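Coordinates as given in work_33.txt (compact mmCIF, C-alpha atoms):
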```txt
# COMPACT_ATOMS: atom_id res chain seq x y z
CA MET A 17 105.50 60.03 102.29
CA LYS A 18 108.54 58.94 100.26
CA ILE A 19 111.67 61.03 100.74
CA TYR A 20 114.03 59.20 98.39
CA ALA A 21 113.55 56.93 95.41
CA ASP A 22 113.93 53.14 95.63
CA ARG A 23 116.19 52.89 92.60
CA PHE A 24 119.86 53.65 93.24
CA PRO A 25 120.70 56.14 90.44
CA ILE A 26 117.69 58.37 91.15
CA ALA A 27 118.09 58.09 94.94
CA LEU A 28 121.79 58.98 94.65
CA ARG A 29 120.98 61.97 92.46
CA GLN A 30 118.34 63.16 94.94
CA LEU A 31 120.71 62.73 97.90
CA LEU A 32 123.53 64.60 96.15
CA THR A 33 121.15 67.38 95.13
CA ASP A 34 119.86 67.70 98.70
CA LEU A 35 123.42 67.84 100.06
CA LEU A 36 124.36 70.49 97.50
CA VAL A 37 121.32 72.56 98.44
CA VAL A 38 122.20 72.32 102.15
CA ALA A 39 125.80 73.33 101.38
CA TRP A 40 124.54 76.18 99.16
CA VAL A 41 122.27 77.53 101.92
CA TYR A 42 124.98 77.17 104.57
CA ALA A 43 127.59 78.92 102.40
CA SER A 44 125.12 81.72 101.58
CA ILE A 45 124.33 82.31 105.26
CA ARG A 46 128.03 82.25 106.20
CA PHE A 47 128.83 84.73 103.43
CA ALA A 48 126.00 87.03 104.52
CA LEU A 49 127.24 86.93 108.14
CA TRP A 50 130.82 87.62 106.98
CA LEU A 51 129.63 90.57 104.90
CA HIS A 52 127.61 91.89 107.85
CA ASP A 53 130.65 91.72 110.14
CA LEU A 54 132.86 93.34 107.50
CA ILE A 55 130.50 96.29 107.04
CA GLU A 56 130.00 96.63 110.80
CA LYS A 57 133.73 97.43 111.08
CA LEU A 58 132.94 100.71 109.32
CA ALA A 59 131.08 101.72 112.49
CA VAL A 60 134.30 101.78 114.57
CA PRO A 61 135.15 105.41 113.68
CA GLY A 62 131.60 106.38 114.67
CA GLN A 63 131.99 104.62 118.02
CA LYS A 64 135.26 106.46 118.66
CA LEU A 65 133.68 109.76 117.59
CA GLU A 66 130.71 109.21 119.88
CA GLY A 67 132.94 108.24 122.80
CA ALA A 68 135.33 111.16 122.31
CA GLY A 69 132.53 113.68 121.75
CA GLY A 70 130.59 112.52 124.80
CA SER A 71 133.67 112.53 127.01
CA LEU A 72 134.69 115.99 125.81
CA ALA A 73 131.17 117.32 126.36
CA ASP A 74 131.11 115.97 129.92
CA ASN A 75 134.53 117.46 130.71
CA LEU A 76 133.59 120.85 129.25
CA ALA A 77 130.30 120.89 131.15
CA GLU A 78 132.13 120.02 134.36
CA ALA A 79 134.73 122.74 133.73
CA GLY A 80 131.96 125.23 132.96
CA GLY A 81 130.27 124.34 136.23
CA LYS A 82 133.46 124.98 138.17
CA VAL A 83 134.13 128.27 136.36
CA GLY A 84 130.56 129.33 137.02
CA ARG A 85 131.29 129.40 140.73
CA VAL A 86 133.81 132.25 140.28
CA PRO A 87 132.28 135.39 141.86
CA LEU A 88 131.08 138.23 139.60
CA VAL A 89 132.34 136.88 136.23
CA GLY A 90 131.34 133.21 136.60
CA ASP A 91 128.26 133.40 134.38
CA GLU A 92 130.16 135.12 131.58
CA LEU A 93 132.97 132.58 131.69
CA THR A 94 130.55 129.63 131.66
CA ALA A 95 128.98 130.51 128.27
CA PRO A 96 131.98 129.48 126.06
CA PHE A 97 132.28 126.16 127.92
CA ASN A 98 128.58 125.46 127.44
CA ARG A 99 128.81 126.27 123.71
CA ALA A 100 131.87 124.00 123.36
CA ALA A 101 130.07 121.23 125.28
CA ASP A 102 127.07 121.55 122.91
CA ALA A 103 129.40 121.29 119.91
CA ALA A 104 131.02 118.18 121.41
CA ARG A 105 127.58 116.63 121.95
CA SER A 106 126.79 117.28 118.28
CA VAL A 107 129.97 115.42 117.34
CA ALA A 108 128.92 112.52 119.59
CA GLU A 109 125.45 112.46 117.97
CA ALA A 110 127.06 112.43 114.52
CA GLY A 111 129.12 109.41 115.59
CA HIS A 112 125.98 107.69 116.89
CA ASP A 113 124.10 108.41 113.65
CA GLN A 114 127.01 107.04 111.63
CA GLN A 115 126.89 103.79 113.62
CA GLN A 116 123.15 103.44 113.03
CA LEU A 117 123.60 104.05 109.31
CA VAL A 118 126.36 101.45 109.08
CA GLY A 119 124.21 98.95 111.04
CA GLN A 120 121.28 99.46 108.67
CA LEU A 121 123.58 99.15 105.65
CA ALA A 122 125.13 95.94 107.01
CA LEU A 123 121.71 94.39 107.66
CA GLY A 124 120.29 95.50 104.30
CA LEU A 125 123.22 94.22 102.24
CA SER A 126 123.34 90.93 104.15
CA LEU A 127 119.65 90.31 103.51
CA ALA A 128 120.04 91.34 99.86
CA VAL A 129 122.86 88.82 99.46
CA LEU A 130 120.62 86.07 100.91
CA VAL A 131 117.58 86.83 98.73
CA VAL A 132 118.87 85.23 95.51
CA PRO A 133 120.28 81.93 96.86
CA LEU A 134 117.42 81.34 99.30
CA GLY A 135 114.91 82.41 96.65
CA LEU A 136 116.32 79.82 94.24
CA VAL A 137 115.94 77.15 96.91
CA LEU A 138 112.42 78.16 97.98
CA VAL A 139 111.06 78.81 94.48
CA GLY A 140 113.08 76.35 92.41
CA TRP A 141 114.30 73.29 94.31
CA LEU A 142 111.81 72.95 97.19
CA PRO A 143 108.56 72.87 95.13
CA LEU A 144 110.03 70.26 92.76
CA ARG A 145 111.26 68.15 95.67
CA LEU A 146 107.90 68.31 97.49
CA ARG A 147 106.06 67.56 94.25
CA TRP A 148 108.14 64.40 93.71
CA MET A 149 107.57 63.32 97.32
CA ARG A 150 103.80 63.72 96.97
CA ARG A 151 103.72 61.90 93.62
CA ALA A 152 105.96 59.08 94.85
CA GLY A 153 103.91 58.65 98.05
CA ALA A 154 100.66 58.54 96.07
CA ALA A 155 102.15 56.07 93.57
CA LYS A 156 103.32 53.75 96.38
CA ARG A 157 99.86 53.82 97.94
CA LEU A 158 98.29 53.07 94.56
CA ALA A 159 100.71 50.19 93.96
CA ALA A 160 99.59 48.64 97.26
CA ALA A 161 95.86 49.08 96.54
CA PRO A 162 93.92 46.30 94.75
CA ALA A 163 92.90 48.48 91.78
CA GLY A 164 95.92 50.74 92.04
CA ARG A 165 97.90 49.06 89.29
CA ASP A 166 95.08 49.89 86.82
CA LEU A 167 95.30 53.57 87.74
CA LEU A 168 99.09 53.51 87.47
CA ALA A 169 98.80 51.82 84.09
CA LEU A 170 96.33 54.48 82.95
CA ARG A 171 98.68 57.21 84.13
CA ALA A 172 101.52 55.57 82.22
CA LEU A 173 99.37 55.48 79.07
CA ALA A 174 98.60 59.18 79.47
CA GLY A 175 102.07 60.43 80.36
CA GLN A 176 104.87 58.12 79.27
CA PRO A 177 106.70 58.53 75.94
CA LEU A 178 105.23 56.55 73.03
CA GLY A 179 108.49 54.67 72.43
CA ARG A 180 108.40 53.18 75.91
CA LEU A 181 104.73 52.28 75.59
CA THR A 182 105.12 50.48 72.25
CA ARG A 183 108.03 48.44 73.67
CA ILE A 184 105.52 46.88 76.07
CA ASP A 185 103.05 46.01 73.29
CA PRO A 186 102.64 47.42 69.79
CA ASP A 187 98.92 47.90 70.51
CA VAL A 188 99.34 48.76 74.18
CA ALA A 189 96.11 50.72 74.52
CA GLU A 190 94.04 47.83 73.22
CA ALA A 191 95.85 45.39 75.51
CA TRP A 192 95.17 47.68 78.47
CA ARG A 193 91.51 48.00 77.46
CA ARG A 194 91.18 44.19 77.37
CA GLY A 195 92.65 44.07 80.88
CA ASP A 196 95.65 42.03 79.82
CA ASP A 197 97.42 41.41 83.15
CA PRO A 198 101.04 41.37 81.88
CA THR A 199 100.43 44.63 79.97
CA VAL A 200 98.76 46.32 82.94
CA ASP A 201 101.59 45.18 85.22
CA ALA A 202 104.22 46.39 82.74
CA LEU A 203 102.51 49.79 82.44
CA ALA A 204 102.22 50.16 86.22
CA GLU A 205 105.89 49.17 86.57
CA LEU A 206 106.85 51.73 83.91
CA GLU A 207 105.05 54.50 85.80
CA LEU A 208 106.68 53.50 89.08
CA ARG A 209 110.11 53.24 87.43
CA SER A 210 109.77 56.76 86.00
CA LEU A 211 109.48 57.99 89.60
CA GLY A 212 112.43 55.84 90.71
CA LEU A 213 110.20 53.39 92.60
CA LYS A 214 110.04 49.61 92.67
CA ALA A 215 106.75 47.74 92.56
CA GLY A 216 107.70 45.31 95.28
CA ARG A 217 108.59 47.93 97.95
```

Can you dump the structure from the file as structure tokens?
Amino acid sequence: MKIYADRFPIALRQLLTDLLVVAWVYASIRFALWLHDLIEKLAVPGQKLEGAGGSLADNLAEAGGKVGRVPLVGDELTAPFNRAADAARSVAEAGHDQQQLVGQLALGLSLAVLVVPLGLVLVGWLPLRLRWMRRAGAAKRLAAAPAGRDLLALRALAGQPLGRLTRIDPDVAEAWRRGDDPTVDALAELELRSLGLKAGR
């Protein structure tokens, strides 16, 4: 399979395009990671809220347990501490929920930012690049086969612009039909050149 063309201008263009695509993908991933980290910073208040709420709930529960050991009135004194501890746990849960929401938002936005650039690469550039590689590989195999130049010449007759064909011979189709070797060779070379390939390689 051919990866790059034989002819310098086309090979250079392919190489530069490939490098630009790699840079584009790298920059897109770096930007998505930066955005993810930036949004994740919004979870810091939630972490502090969860930590403070949990710590307060533990302290209130511990204080309620100690007050509960007071004879006669211990059970009555424990109730407000338990209610306050429950409220503190609710605050801690709210902080935890806020962190989860921020994490989901960070992931969702990061993936959304990646969809367009990676989609352009996967749907636009990659199929065209693979198509050229398949066509160039098949053309090189045909050029090496004994009857391959006839097939390349036929392909040139079917697909190349008329101006290029008539420069080879004003009646190029008739010359090809007669099996005129210089015409067949010129047509095969024209087809290979349109793909950026050289007949001798």

From A:Val37, A:Thr94, A:Ala48, A:Ser210, residue lying nearest Leu138 in chain A [all atoms listed in the file]: A:Val37

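Residues with any atom within 12 Å of the point (125.5, 108.1, 113.7), counting all atoms listed in the file, are Leu58, Ala59, Val60, Pro61, Gly62, Gln63, Lys64, Leu65, Glu66, Gly67, Ser106, Val107, Ala108, Glu109, Ala110, Gly111, His112, Asp113, Gln114, Gln115, Gln116, Leu117, Val118, Gly119 and Gln120 of chain A.
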
If we count only C-alpha atoms, what is near Phe97 in chain A at a cut-off of 10 Å, once residues fewer than 3 positions away on the same chain are taken out, given as a compact mmCIF listing (two decimals) with C-alpha atoms, keeping the file's coordinate frame?
```
# COMPACT_ATOMS: atom_id res chain seq x y z
CA ALA A 73 131.17 117.32 126.36
CA ASN A 75 134.53 117.46 130.71
CA LEU A 76 133.59 120.85 129.25
CA ALA A 77 130.30 120.89 131.15
CA GLU A 78 132.13 120.02 134.36
CA ALA A 79 134.73 122.74 133.73
CA GLY A 80 131.96 125.23 132.96
CA GLY A 81 130.27 124.34 136.23
CA VAL A 83 134.13 128.27 136.36
CA GLY A 84 130.56 129.33 137.02
CA GLU A 92 130.16 135.12 131.58
CA LEU A 93 132.97 132.58 131.69
CA THR A 94 130.55 129.63 131.66
CA ALA A 100 131.87 124.00 123.36
CA ALA A 101 130.07 121.23 125.28
CA ASP A 102 127.07 121.55 122.91
CA ALA A 103 129.40 121.29 119.91
```

Nearest residue to Ile19 in chain A from the set A:Leu203, A:Ala160, A:Leu146, A:Val41 (distances using all atoms listed in the file): A:Leu146

Interatomic distance, CA of Arg46 in chain A to CA of Leu31 in chain A (Å, one decimal): 22.4 Å

Residues within 12 Å of Leu134 in chain A, only C-alpha atoms, excluding chain neighbours under 4 positions, as an NGL selection string: :A and (37-45 or 48 or 127-130 or 138-142)

Two-atom distance - CA of Leu181 in chain A, CA of Phe24 in chain A (Å):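 So the two atoms, CA of Leu181 in chain A and CA of Phe24 in chain A, lie 23.3 Å apart.
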
d(CA of Ala161 in chain A, CA of Gly179 in chain A) in Å: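 Straight-line distance from CA of Ala161 in chain A to CA of Gly179 in chain A works out to 27.8 Å.
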
Residues within 12 Å of range 163-168 of chain A, all atoms listed in the file, excluding chain neighbours under 5 positions, as a ChimeraX atom specification: /A:151-152,154-158,173-176,192-211,215

A:Ala189, A:Ala169, A:Ala21, A:Ile26 ranked by distance to Arg150 in chain A, top pick (using all atoms listed in the file):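 The answer is A:Ala21, which sits nearest to Arg150 in chain A.
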
Residue with smallest distance to Asp53 in chain A - pool A:Leu72, A:Leu213, A:Ala95, A:Leu125, counting all atoms listed in the file: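 Nearest to Asp53 in chain A: A:Leu125.
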